[in-house]
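Peer 1: File my_file_12.pdb below, PDB, C-alpha atoms:
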MODEL        1
ATOM      1  CA  GLN A   1       7.850  -9.901  12.630
ATOM      2  CA  VAL A   2       6.221 -10.665   9.307
ATOM      3  CA  GLN A   3       2.452 -10.527   9.119
ATOM      4  CA  LEU A   4       0.188 -11.235   6.171
ATOM      5  CA  VAL A   5      -3.363  -9.944   6.341
ATOM      6  CA  GLU A   6      -5.958 -11.106   3.825
ATOM      7  CA  SER A   7      -9.287  -9.519   3.047
ATOM      8  CA  GLY A   8     -12.036  -9.712   0.467
ATOM      9  CA  GLY A   9     -13.588 -13.103   1.053
ATOM     10  CA  GLY A  10     -17.298 -13.646   1.356
ATOM     11  CA  LEU A  11     -20.390 -15.261  -0.060
ATOM     12  CA  VAL A  12     -21.128 -14.976  -3.759
ATOM     13  CA  GLN A  13     -23.408 -16.706  -6.233
ATOM     14  CA  ALA A  14     -22.038 -18.929  -8.944
ATOM     15  CA  GLY A  15     -20.865 -16.848 -11.872
ATOM     16  CA  GLY A  16     -20.015 -13.917  -9.647
ATOM     17  CA  SER A  17     -16.727 -12.257  -8.812
ATOM     18  CA  LEU A  18     -14.613 -11.501  -5.771
ATOM     19  CA  ARG A  19     -11.283  -9.792  -5.246
ATOM     20  CA  LEU A  20      -8.947 -10.953  -2.522
ATOM     21  CA  SER A  21      -6.208  -8.751  -1.130
ATOM     22  CA  CYS A  22      -3.186  -9.573   0.988
ATOM     23  CA  VAL A  23      -0.719  -7.123   2.481
ATOM     24  CA  ALA A  24       2.547  -8.214   4.063
ATOM     25  CA  SER A  25       4.202  -6.155   6.752
ATOM     26  CA  GLY A  26       7.399  -6.481   8.714
ATOM     27  CA  ARG A  27       9.853  -6.651   5.814
ATOM     28  CA  ILE A  28      11.344  -3.802   3.835
ATOM     29  CA  LEU A  29      12.363  -5.893   0.844
ATOM     30  CA  SER A  30       9.702  -7.167  -1.520
ATOM     31  CA  ALA A  31       8.915 -10.851  -1.294
ATOM     32  CA  ASN A  32      10.463 -13.008  -4.014
ATOM     33  CA  ILE A  33       7.202 -14.837  -4.567
ATOM     34  CA  MET A  34       3.659 -14.133  -3.422
ATOM     35  CA  GLY A  35       0.761 -16.417  -3.981
ATOM     36  CA  TRP A  36      -2.653 -17.723  -3.081
ATOM     37  CA  TYR A  37      -3.531 -21.187  -1.894
ATOM     38  CA  ARG A  38      -6.853 -22.658  -0.908
ATOM     39  CA  GLN A  39      -8.113 -25.461   1.248
ATOM     40  CA  ALA A  40     -11.573 -26.918   1.048
ATOM     41  CA  PRO A  41     -13.008 -28.987   3.914
ATOM     42  CA  GLY A  42     -11.512 -32.455   3.889
ATOM     43  CA  SER A  43      -8.975 -31.542   1.232
ATOM     44  CA  GLN A  44      -5.319 -30.632   1.165
ATOM     45  CA  ARG A  45      -4.173 -27.091   0.685
ATOM     46  CA  GLU A  46      -3.487 -26.445  -2.985
ATOM     47  CA  LEU A  47      -1.860 -23.760  -5.051
ATOM     48  CA  VAL A  48      -4.239 -21.373  -6.780
ATOM     49  CA  ALA A  49      -1.823 -18.865  -8.278
ATOM     50  CA  LEU A  50       1.517 -17.249  -7.651
ATOM     51  CA  VAL A  51       3.491 -14.326  -8.982
ATOM     52  CA  THR A  52       7.214 -13.694  -8.798
ATOM     53  CA  LEU A  53       8.937 -10.396  -8.185
ATOM     54  CA  GLY A  54       9.667 -10.294 -11.902
ATOM     55  CA  GLY A  55       6.011 -10.711 -12.770
ATOM     56  CA  THR A  56       5.955 -14.339 -13.836
ATOM     57  CA  THR A  57       2.658 -15.977 -12.957
ATOM     58  CA  ASN A  58       1.544 -19.551 -12.493
ATOM     59  CA  TYR A  59      -2.022 -20.792 -12.148
ATOM     60  CA  ALA A  60      -3.714 -23.997 -11.206
ATOM     61  CA  ASN A  61      -5.409 -25.502 -14.254
ATOM     62  CA  SER A  62      -8.765 -25.291 -12.515
ATOM     63  CA  VAL A  63      -8.645 -21.481 -12.348
ATOM     64  CA  LYS A  64      -6.896 -20.559 -15.589
ATOM     65  CA  GLY A  65      -8.882 -18.025 -17.553
ATOM     66  CA  ARG A  66     -11.058 -17.167 -14.548
ATOM     67  CA  PHE A  67      -8.634 -15.894 -11.899
ATOM     68  CA  THR A  68      -5.974 -13.221 -12.232
ATOM     69  CA  ILE A  69      -3.160 -12.660  -9.764
ATOM     70  CA  SER A  70      -1.346  -9.366  -9.489
ATOM     71  CA  ARG A  71       0.969  -7.675  -7.039
ATOM     72  CA  ASP A  72       2.097  -4.271  -5.933
ATOM     73  CA  SER A  73       5.669  -4.736  -4.823
ATOM     74  CA  THR A  74       5.860  -1.219  -3.401
ATOM     75  CA  LYS A  75       3.242  -2.262  -0.870
ATOM     76  CA  ASN A  76       4.219  -5.924  -0.585
ATOM     77  CA  ALA A  77       0.663  -6.686  -1.593
ATOM     78  CA  VAL A  78      -0.845  -9.384  -3.755
ATOM     79  CA  TYR A  79      -4.335  -9.573  -5.200
ATOM     80  CA  LEU A  80      -6.512 -12.295  -6.653
ATOM     81  CA  GLN A  81      -9.330 -11.285  -8.962
ATOM     82  CA  MET A  82     -11.734 -14.201  -9.173
ATOM     83  CA  SER A  83     -14.401 -14.272 -11.864
ATOM     84  CA  SER A  84     -16.904 -16.844 -13.101
ATOM     85  CA  LEU A  85     -16.812 -18.415  -9.674
ATOM     86  CA  LYS A  86     -18.037 -21.963  -9.267
ATOM     87  CA  PRO A  87     -19.270 -23.815  -6.179
ATOM     88  CA  GLU A  88     -16.104 -25.895  -6.310
ATOM     89  CA  ASP A  89     -14.091 -22.728  -5.669
ATOM     90  CA  THR A  90     -15.510 -22.698  -2.155
ATOM     91  CA  ALA A  91     -12.595 -22.866   0.293
ATOM     92  CA  ASP A  92     -10.474 -20.969   2.739
ATOM     93  CA  TYR A  93      -7.976 -18.915   0.758
ATOM     94  CA  TYR A  94      -4.516 -18.276   2.153
ATOM     95  CA  CYS A  95      -1.899 -15.786   1.109
ATOM     96  CA  LYS A  96       1.734 -16.850   1.128
ATOM     97  CA  ALA A  97       4.893 -14.774   0.818
ATOM     98  CA  LYS A  98       8.386 -16.081   0.329
ATOM     99  CA  TRP A  99      11.665 -14.371   1.055
ATOM    100  CA  GLY A 100      14.522 -16.661   0.126
ATOM    101  CA  THR A 101      13.870 -19.871   2.058
ATOM    102  CA  GLU A 102      11.441 -18.264   4.500
ATOM    103  CA  ASN A 103       7.728 -18.776   3.951
ATOM    104  CA  TYR A 104       4.964 -16.884   5.693
ATOM    105  CA  TRP A 105       1.226 -17.471   5.641
ATOM    106  CA  GLY A 106      -1.790 -15.335   6.285
ATOM    107  CA  GLN A 107      -4.646 -16.407   8.521
ATOM    108  CA  GLY A 108      -6.973 -17.150   5.618
ATOM    109  CA  THR A 109     -10.175 -15.705   4.266
ATOM    110  CA  GLN A 110     -13.268 -17.722   3.493
ATOM    111  CA  VAL A 111     -14.829 -17.819   0.054
ATOM    112  CA  THR A 112     -18.209 -19.461  -0.389
ATOM    113  CA  VAL A 113     -19.816 -19.830  -3.802
ATOM    114  CA  SER A 114     -23.468 -20.784  -3.800
ATOM    115  CA  SER A 115     -25.098 -22.624  -6.676
TER     116      SER A 115
ENDMDL
END
Kindly present the structure from the file in structure tokens form.
Peer 2:
Amino acid sequence: QVQLVESGGGLVQAGGSLRLSCVASGRILSANIMGWYRQAPGSQRELVALVTLGGTTNYANSVKGRFTISRDSTKNAVYLQMSSLKPEDTADYYCKAKWGTENYWGQGTQVTVSS
């Protein structure tokens, strides 16, 4: 059974930084793609950033230059370093891992940025 466990969320002032972590268990092979999504109250879940097994990254325009995604394939882990945080970054952040056509989600971690 695949499980994704996120950590690192919290409350931070605007301009501050946070680092989110997500570790996937239950699969020996590394996920093809790992990524972070977020969902603010009243909004749809949106892609923040993703990274492929080969290291290719993709970012939402709103976070480019401020967020950095990385992964440790030996641990099936993915990280999101968030800097220069803005109040509009406030949301629940979800980790996602993809093996072939199978997608798995974490339970989410809350990030709140105060102005």
Peer 1: Can you work out which one of A:Pro41, A:Gly8, A:Gly54, A:Gly65 has the shortest atom-to-atom distance to Thr90 of chain A, counting only C-alpha atoms?
Peer 2: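 For Thr90 of chain A, the nearest of the given residues is A:Pro41.
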Peer 1: List the spatial neighbours of Leu85 of chain A as a list in words - criterion: any atom at most 9 Å away, only C-alpha atoms, same-chain residues fewer than 4 positions off excluded.
Peer 2: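 Once the adjacent positions are removed, what remains is Val12, Gln13, Ala14, Gly15, Gly16, Ser17, Leu18, Arg66, Phe67, Asp89, Thr90 and Val113 of chain A.
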Peer 1: Could you write those residues out with C-alpha atoms, as a tab-separated table (two decimals), keeping the file's coordinate frame?
Peer 2:
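Heads up, here's the output in part.tsv:
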chain	number	residue	atom	x	y	z
A	12	VAL	CA	-21.13	-14.98	-3.76
A	13	GLN	CA	-23.41	-16.71	-6.23
A	14	ALA	CA	-22.04	-18.93	-8.94
A	15	GLY	CA	-20.86	-16.85	-11.87
A	16	GLY	CA	-20.02	-13.92	-9.65
A	17	SER	CA	-16.73	-12.26	-8.81
A	18	LEU	CA	-14.61	-11.50	-5.77
A	66	ARG	CA	-11.06	-17.17	-14.55
A	67	PHE	CA	-8.63	-15.89	-11.90
A	89	ASP	CA	-14.09	-22.73	-5.67
A	90	THR	CA	-15.51	-22.70	-2.15
A	113	VAL	CA	-19.82	-19.83	-3.80
Peer 1: A:Asp92, A:Gly100, A:Ser30, A:Pro87: which is nearest Gly42 of chain A, counting only C-alpha atoms?
Peer 2: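 Distance minimum relative to Gly42 of chain A lands on A:Asp92.
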Peer 1: Show me, as a tab-separated table (two decimals) with C-alpha atoms, in the frame of the given file, the residues that have an atom within 12 Å of Glu6 of chain A when counting all atoms listed in the file, minus same-chain residues fewer than 6 positions from it.
Peer 2:
chain	number	residue	atom	x	y	z
A	19	ARG	CA	-11.28	-9.79	-5.25
A	20	LEU	CA	-8.95	-10.95	-2.52
A	21	SER	CA	-6.21	-8.75	-1.13
A	22	CYS	CA	-3.19	-9.57	0.99
A	23	VAL	CA	-0.72	-7.12	2.48
A	24	ALA	CA	2.55	-8.21	4.06
A	25	SER	CA	4.20	-6.16	6.75
A	35	GLY	CA	0.76	-16.42	-3.98
A	36	TRP	CA	-2.65	-17.72	-3.08
A	37	TYR	CA	-3.53	-21.19	-1.89
A	77	ALA	CA	0.66	-6.69	-1.59
A	78	VAL	CA	-0.84	-9.38	-3.76
A	79	TYR	CA	-4.34	-9.57	-5.20
A	80	LEU	CA	-6.51	-12.30	-6.65
A	92	ASP	CA	-10.47	-20.97	2.74
A	93	TYR	CA	-7.98	-18.92	0.76
A	94	TYR	CA	-4.52	-18.28	2.15
A	95	CYS	CA	-1.90	-15.79	1.11
A	96	LYS	CA	1.73	-16.85	1.13
A	97	ALA	CA	4.89	-14.77	0.82
A	105	TRP	CA	1.23	-17.47	5.64
A	106	GLY	CA	-1.79	-15.34	6.28
A	107	GLN	CA	-4.65	-16.41	8.52
A	108	GLY	CA	-6.97	-17.15	5.62
A	109	THR	CA	-10.18	-15.70	4.27
A	110	GLN	CA	-13.27	-17.72	3.49
A	111	VAL	CA	-14.83	-17.82	0.05
Peer 1: Assuming the chain letters and numbering stay as they are in my file, what does the PyMOL selection byres ((chain A and resi 26) around 7) actually select? List them as a PDB file with C-alpha atoms, keeping the file's coordinate frame.
Peer 2:
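Once everything was written out, this is expr.pdb:
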ATOM      1  CA  GLN A   1       7.850  -9.901  12.630  1.00  0.00           C
ATOM      2  CA  VAL A   2       6.221 -10.665   9.307  1.00  0.00           C
ATOM      3  CA  GLN A   3       2.452 -10.527   9.119  1.00  0.00           C
ATOM      4  CA  ALA A  24       2.547  -8.214   4.063  1.00  0.00           C
ATOM      5  CA  SER A  25       4.202  -6.155   6.752  1.00  0.00           C
ATOM      6  CA  ARG A  27       9.853  -6.651   5.814  1.00  0.00           C
ATOM      7  CA  ILE A  28      11.344  -3.802   3.835  1.00  0.00           C
TER       8      ILE A  28
END
Peer 1: So, with only C-alpha atoms as the atoms that count, which of A:Val5, A:Leu29, A:Ser73, A:Ala91 lies closest to Val48 of chain A?
Peer 2: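 Checking each candidate against Val48 of chain A, we get A:Ala91 as the closest.
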Peer 1: Mind listing as an MDAnalysis selection string all residues within 8 Å of (8.7, -15.4, 0.1), counting all atoms listed in the file?
Peer 2: chainID A and resid 31:34 96:104
Peer 1: Can I get the selected residues back with C-alpha atoms, as an mmCIF file, in the coordinates of the input?
Peer 2:
data_model
loop_
_atom_site.group_PDB
_atom_site.id
_atom_site.type_symbol
_atom_site.label_atom_id
_atom_site.label_comp_id
_atom_site.auth_asym_id
_atom_site.auth_seq_id
_atom_site.Cartn_x
_atom_site.Cartn_y
_atom_site.Cartn_z
ATOM 1 C CA ALA A 31 8.915 -10.851 -1.294
ATOM 2 C CA ASN A 32 10.463 -13.008 -4.014
ATOM 3 C CA ILE A 33 7.202 -14.837 -4.567
ATOM 4 C CA MET A 34 3.659 -14.133 -3.422
ATOM 5 C CA LYS A 96 1.734 -16.850 1.128
ATOM 6 C CA ALA A 97 4.893 -14.774 0.818
ATOM 7 C CA LYS A 98 8.386 -16.081 0.329
ATOM 8 C CA TRP A 99 11.665 -14.371 1.055
ATOM 9 C CA GLY A 100 14.522 -16.661 0.126
ATOM 10 C CA THR A 101 13.870 -19.871 2.058
ATOM 11 C CA GLU A 102 11.441 -18.264 4.500
ATOM 12 C CA ASN A 103 7.728 -18.776 3.951
ATOM 13 C CA TYR A 104 4.964 -16.884 5.693
#
Peer 1: Go through the shown structure with the PyMOL selection byres ((chain A and resi 57) around 10) and write out the matching residues as an NGL selection string.
Peer 2: :A and (33-35 or 49-56 or 58-59 or 68-70)
Peer 1: Limited to C-alpha atoms, could you put the picked residues into a file as a short mmCIF file (atom, residue, chain, number, x, y, z; two decimals), in the coordinates of the input?
Peer 2:
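Written file, part.cif:
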data_model
loop_
_atom_site.label_atom_id
_atom_site.label_comp_id
_atom_site.auth_asym_id
_atom_site.auth_seq_id
_atom_site.Cartn_x
_atom_site.Cartn_y
_atom_site.Cartn_z
CA ILE A 33 7.20 -14.84 -4.57
CA MET A 34 3.66 -14.13 -3.42
CA GLY A 35 0.76 -16.42 -3.98
CA ALA A 49 -1.82 -18.86 -8.28
CA LEU A 50 1.52 -17.25 -7.65
CA VAL A 51 3.49 -14.33 -8.98
CA THR A 52 7.21 -13.69 -8.80
CA LEU A 53 8.94 -10.40 -8.18
CA GLY A 54 9.67 -10.29 -11.90
CA GLY A 55 6.01 -10.71 -12.77
CA THR A 56 5.96 -14.34 -13.84
CA ASN A 58 1.54 -19.55 -12.49
CA TYR A 59 -2.02 -20.79 -12.15
CA THR A 68 -5.97 -13.22 -12.23
CA ILE A 69 -3.16 -12.66 -9.76
CA SER A 70 -1.35 -9.37 -9.49
#
Peer 1: Go ahead and compute the interatomic distance for atom CA of Gln44 of chain A and atom CA of Val63 of chain A, in Å to one decimal.
Peer 2: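 Computing it gives 16.7 Å between the two atoms.
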Peer 1: Find the smallest box with edges along x, y and z containing every listed atom of segment 63-73 of chain A, then add 3 Å on each side and report centre and edge lengths in Å to one decimal, as JSON.
Peer 2:
{"center_x": -2.7, "center_y": -12.9, "center_z": -11.2, "size_x": 22.7, "size_y": 23.2, "size_z": 18.7}
Peer 1: Grab the atom CA of Thr112 of chain A to atom CA of Asp72 of chain A distance for me, in Å with one decimal place.
Peer 2: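 Taking atom CA of Thr112 of chain A and atom CA of Asp72 of chain A, their separation equals 26.0 Å.
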Peer 1: I'd like to know which of A:Leu4, A:Asn76, A:Leu11, A:Leu47 is closest to Ser114 of chain A, using all atoms listed in the file.
Peer 2: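 Among A:Leu4, A:Asn76, A:Leu11, A:Leu47, it is A:Leu11 that comes nearest to Ser114 of chain A.
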Peer 1: Provide the atom CA of Arg71 of chain A to atom CA of Lys86 of chain A distance in Å, to one decimal place.
Peer 2: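 Separating atom CA of Arg71 of chain A from atom CA of Lys86 of chain A is a distance of 23.9 Å.
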Peer 1: Please supply segment 1-31 of chain A, rebuilt with N, CA and C atoms, as a PDB file, in the coordinates of the input.
Peer 2:
ATOM      1  N   GLN A   1       8.745  -8.760  12.751  1.00  0.00           N
ATOM      2  CA  GLN A   1       7.850  -9.901  12.630  1.00  0.00           C
ATOM      3  C   GLN A   1       6.985  -9.727  11.394  1.00  0.00           C
ATOM      4  N   VAL A   2       6.997 -10.741  10.545  1.00  0.00           N
ATOM      5  CA  VAL A   2       6.221 -10.665   9.307  1.00  0.00           C
ATOM      6  C   VAL A   2       4.769 -11.026   9.582  1.00  0.00           C
ATOM      7  N   GLN A   3       3.881 -10.231   9.034  1.00  0.00           N
ATOM      8  CA  GLN A   3       2.452 -10.527   9.119  1.00  0.00           C
ATOM      9  C   GLN A   3       1.830 -10.374   7.744  1.00  0.00           C
ATOM     10  N   LEU A   4       0.945 -11.303   7.406  1.00  0.00           N
ATOM     11  CA  LEU A   4       0.188 -11.235   6.171  1.00  0.00           C
ATOM     12  C   LEU A   4      -1.287 -11.146   6.549  1.00  0.00           C
ATOM     13  N   VAL A   5      -1.960 -10.150   6.014  1.00  0.00           N
ATOM     14  CA  VAL A   5      -3.363  -9.944   6.341  1.00  0.00           C
ATOM     15  C   VAL A   5      -4.176  -9.985   5.054  1.00  0.00           C
ATOM     16  N   GLU A   6      -5.095 -10.944   4.995  1.00  0.00           N
ATOM     17  CA  GLU A   6      -5.958 -11.106   3.825  1.00  0.00           C
ATOM     18  C   GLU A   6      -7.296 -10.428   4.067  1.00  0.00           C
ATOM     19  N   SER A   7      -7.938 -10.064   2.985  1.00  0.00           N
ATOM     20  CA  SER A   7      -9.287  -9.519   3.047  1.00  0.00           C
ATOM     21  C   SER A   7      -9.972  -9.769   1.714  1.00  0.00           C
ATOM     22  N   GLY A   8     -11.294  -9.634   1.711  1.00  0.00           N
ATOM     23  CA  GLY A   8     -12.036  -9.712   0.467  1.00  0.00           C
ATOM     24  C   GLY A   8     -12.872 -10.959   0.284  1.00  0.00           C
ATOM     25  N   GLY A   9     -12.769 -11.902   1.186  1.00  0.00           N
ATOM     26  CA  GLY A   9     -13.588 -13.103   1.053  1.00  0.00           C
ATOM     27  C   GLY A   9     -15.044 -12.816   1.337  1.00  0.00           C
ATOM     28  N   GLY A  10     -15.882 -13.818   1.094  1.00  0.00           N
ATOM     29  CA  GLY A  10     -17.298 -13.646   1.356  1.00  0.00           C
ATOM     30  C   GLY A  10     -18.133 -14.668   0.639  1.00  0.00           C
ATOM     31  N   LEU A  11     -19.416 -14.388   0.587  1.00  0.00           N
ATOM     32  CA  LEU A  11     -20.390 -15.261  -0.060  1.00  0.00           C
ATOM     33  C   LEU A  11     -20.794 -14.654  -1.395  1.00  0.00           C
ATOM     34  N   VAL A  12     -20.773 -15.463  -2.437  1.00  0.00           N
ATOM     35  CA  VAL A  12     -21.128 -14.976  -3.759  1.00  0.00           C
ATOM     36  C   VAL A  12     -21.853 -16.089  -4.508  1.00  0.00           C
ATOM     37  N   GLN A  13     -22.706 -15.712  -5.420  1.00  0.00           N
ATOM     38  CA  GLN A  13     -23.408 -16.706  -6.233  1.00  0.00           C
ATOM     39  C   GLN A  13     -22.507 -17.199  -7.354  1.00  0.00           C
ATOM     40  N   ALA A  14     -22.782 -18.384  -7.813  1.00  0.00           N
ATOM     41  CA  ALA A  14     -22.038 -18.929  -8.944  1.00  0.00           C
ATOM     42  C   ALA A  14     -22.109 -17.968 -10.122  1.00  0.00           C
ATOM     43  N   GLY A  15     -20.958 -17.793 -10.771  1.00  0.00           N
ATOM     44  CA  GLY A  15     -20.865 -16.848 -11.872  1.00  0.00           C
ATOM     45  C   GLY A  15     -20.420 -15.457 -11.455  1.00  0.00           C
ATOM     46  N   GLY A  16     -20.398 -15.226 -10.169  1.00  0.00           N
ATOM     47  CA  GLY A  16     -20.015 -13.917  -9.647  1.00  0.00           C
ATOM     48  C   GLY A  16     -18.516 -13.745  -9.527  1.00  0.00           C
ATOM     49  N   SER A  17     -18.141 -12.618  -8.937  1.00  0.00           N
ATOM     50  CA  SER A  17     -16.727 -12.257  -8.812  1.00  0.00           C
ATOM     51  C   SER A  17     -16.403 -11.803  -7.394  1.00  0.00           C
ATOM     52  N   LEU A  18     -15.149 -12.006  -7.033  1.00  0.00           N
ATOM     53  CA  LEU A  18     -14.613 -11.501  -5.771  1.00  0.00           C
ATOM     54  C   LEU A  18     -13.163 -11.107  -5.999  1.00  0.00           C
ATOM     55  N   ARG A  19     -12.689 -10.183  -5.190  1.00  0.00           N
ATOM     56  CA  ARG A  19     -11.283  -9.792  -5.246  1.00  0.00           C
ATOM     57  C   ARG A  19     -10.679  -9.932  -3.856  1.00  0.00           C
ATOM     58  N   LEU A  20      -9.669 -10.766  -3.780  1.00  0.00           N
ATOM     59  CA  LEU A  20      -8.947 -10.953  -2.522  1.00  0.00           C
ATOM     60  C   LEU A  20      -7.711 -10.071  -2.501  1.00  0.00           C
ATOM     61  N   SER A  21      -7.399  -9.570  -1.322  1.00  0.00           N
ATOM     62  CA  SER A  21      -6.208  -8.751  -1.130  1.00  0.00           C
ATOM     63  C   SER A  21      -5.383  -9.313   0.013  1.00  0.00           C
ATOM     64  N   CYS A  22      -4.087  -9.135  -0.079  1.00  0.00           N
ATOM     65  CA  CYS A  22      -3.186  -9.573   0.988  1.00  0.00           C
ATOM     66  C   CYS A  22      -2.044  -8.567   1.073  1.00  0.00           C
ATOM     67  N   VAL A  23      -1.815  -8.070   2.262  1.00  0.00           N
ATOM     68  CA  VAL A  23      -0.719  -7.123   2.481  1.00  0.00           C
ATOM     69  C   VAL A  23       0.234  -7.700   3.508  1.00  0.00           C
ATOM     70  N   ALA A  24       1.517  -7.710   3.163  1.00  0.00           N
ATOM     71  CA  ALA A  24       2.547  -8.214   4.063  1.00  0.00           C
ATOM     72  C   ALA A  24       3.249  -7.046   4.736  1.00  0.00           C
ATOM     73  N   SER A  25       3.474  -7.182   6.017  1.00  0.00           N
ATOM     74  CA  SER A  25       4.202  -6.155   6.752  1.00  0.00           C
ATOM     75  C   SER A  25       5.335  -6.798   7.529  1.00  0.00           C
ATOM     76  N   GLY A  26       6.299  -5.973   7.912  1.00  0.00           N
ATOM     77  CA  GLY A  26       7.399  -6.481   8.714  1.00  0.00           C
ATOM     78  C   GLY A  26       8.685  -6.717   7.955  1.00  0.00           C
ATOM     79  N   ARG A  27       8.660  -6.516   6.633  1.00  0.00           N
ATOM     80  CA  ARG A  27       9.853  -6.651   5.814  1.00  0.00           C
ATOM     81  C   ARG A  27       9.958  -5.453   4.875  1.00  0.00           C
ATOM     82  N   ILE A  28      11.158  -4.929   4.741  1.00  0.00           N
ATOM     83  CA  ILE A  28      11.344  -3.802   3.835  1.00  0.00           C
ATOM     84  C   ILE A  28      11.433  -4.284   2.394  1.00  0.00           C
ATOM     85  N   LEU A  29      12.190  -5.373   2.197  1.00  0.00           N
ATOM     86  CA  LEU A  29      12.363  -5.893   0.844  1.00  0.00           C
ATOM     87  C   LEU A  29      11.099  -6.585   0.360  1.00  0.00           C
ATOM     88  N   SER A  30      10.856  -6.493  -0.935  1.00  0.00           N
ATOM     89  CA  SER A  30       9.702  -7.167  -1.520  1.00  0.00           C
ATOM     90  C   SER A  30       9.914  -8.678  -1.496  1.00  0.00           C
ATOM     91  N   ALA A  31       8.848  -9.393  -1.285  1.00  0.00           N
ATOM     92  CA  ALA A  31       8.915 -10.851  -1.294  1.00  0.00           C
ATOM     93  C   ALA A  31       9.298 -11.354  -2.686  1.00  0.00           C
TER      94      ALA A  31
END
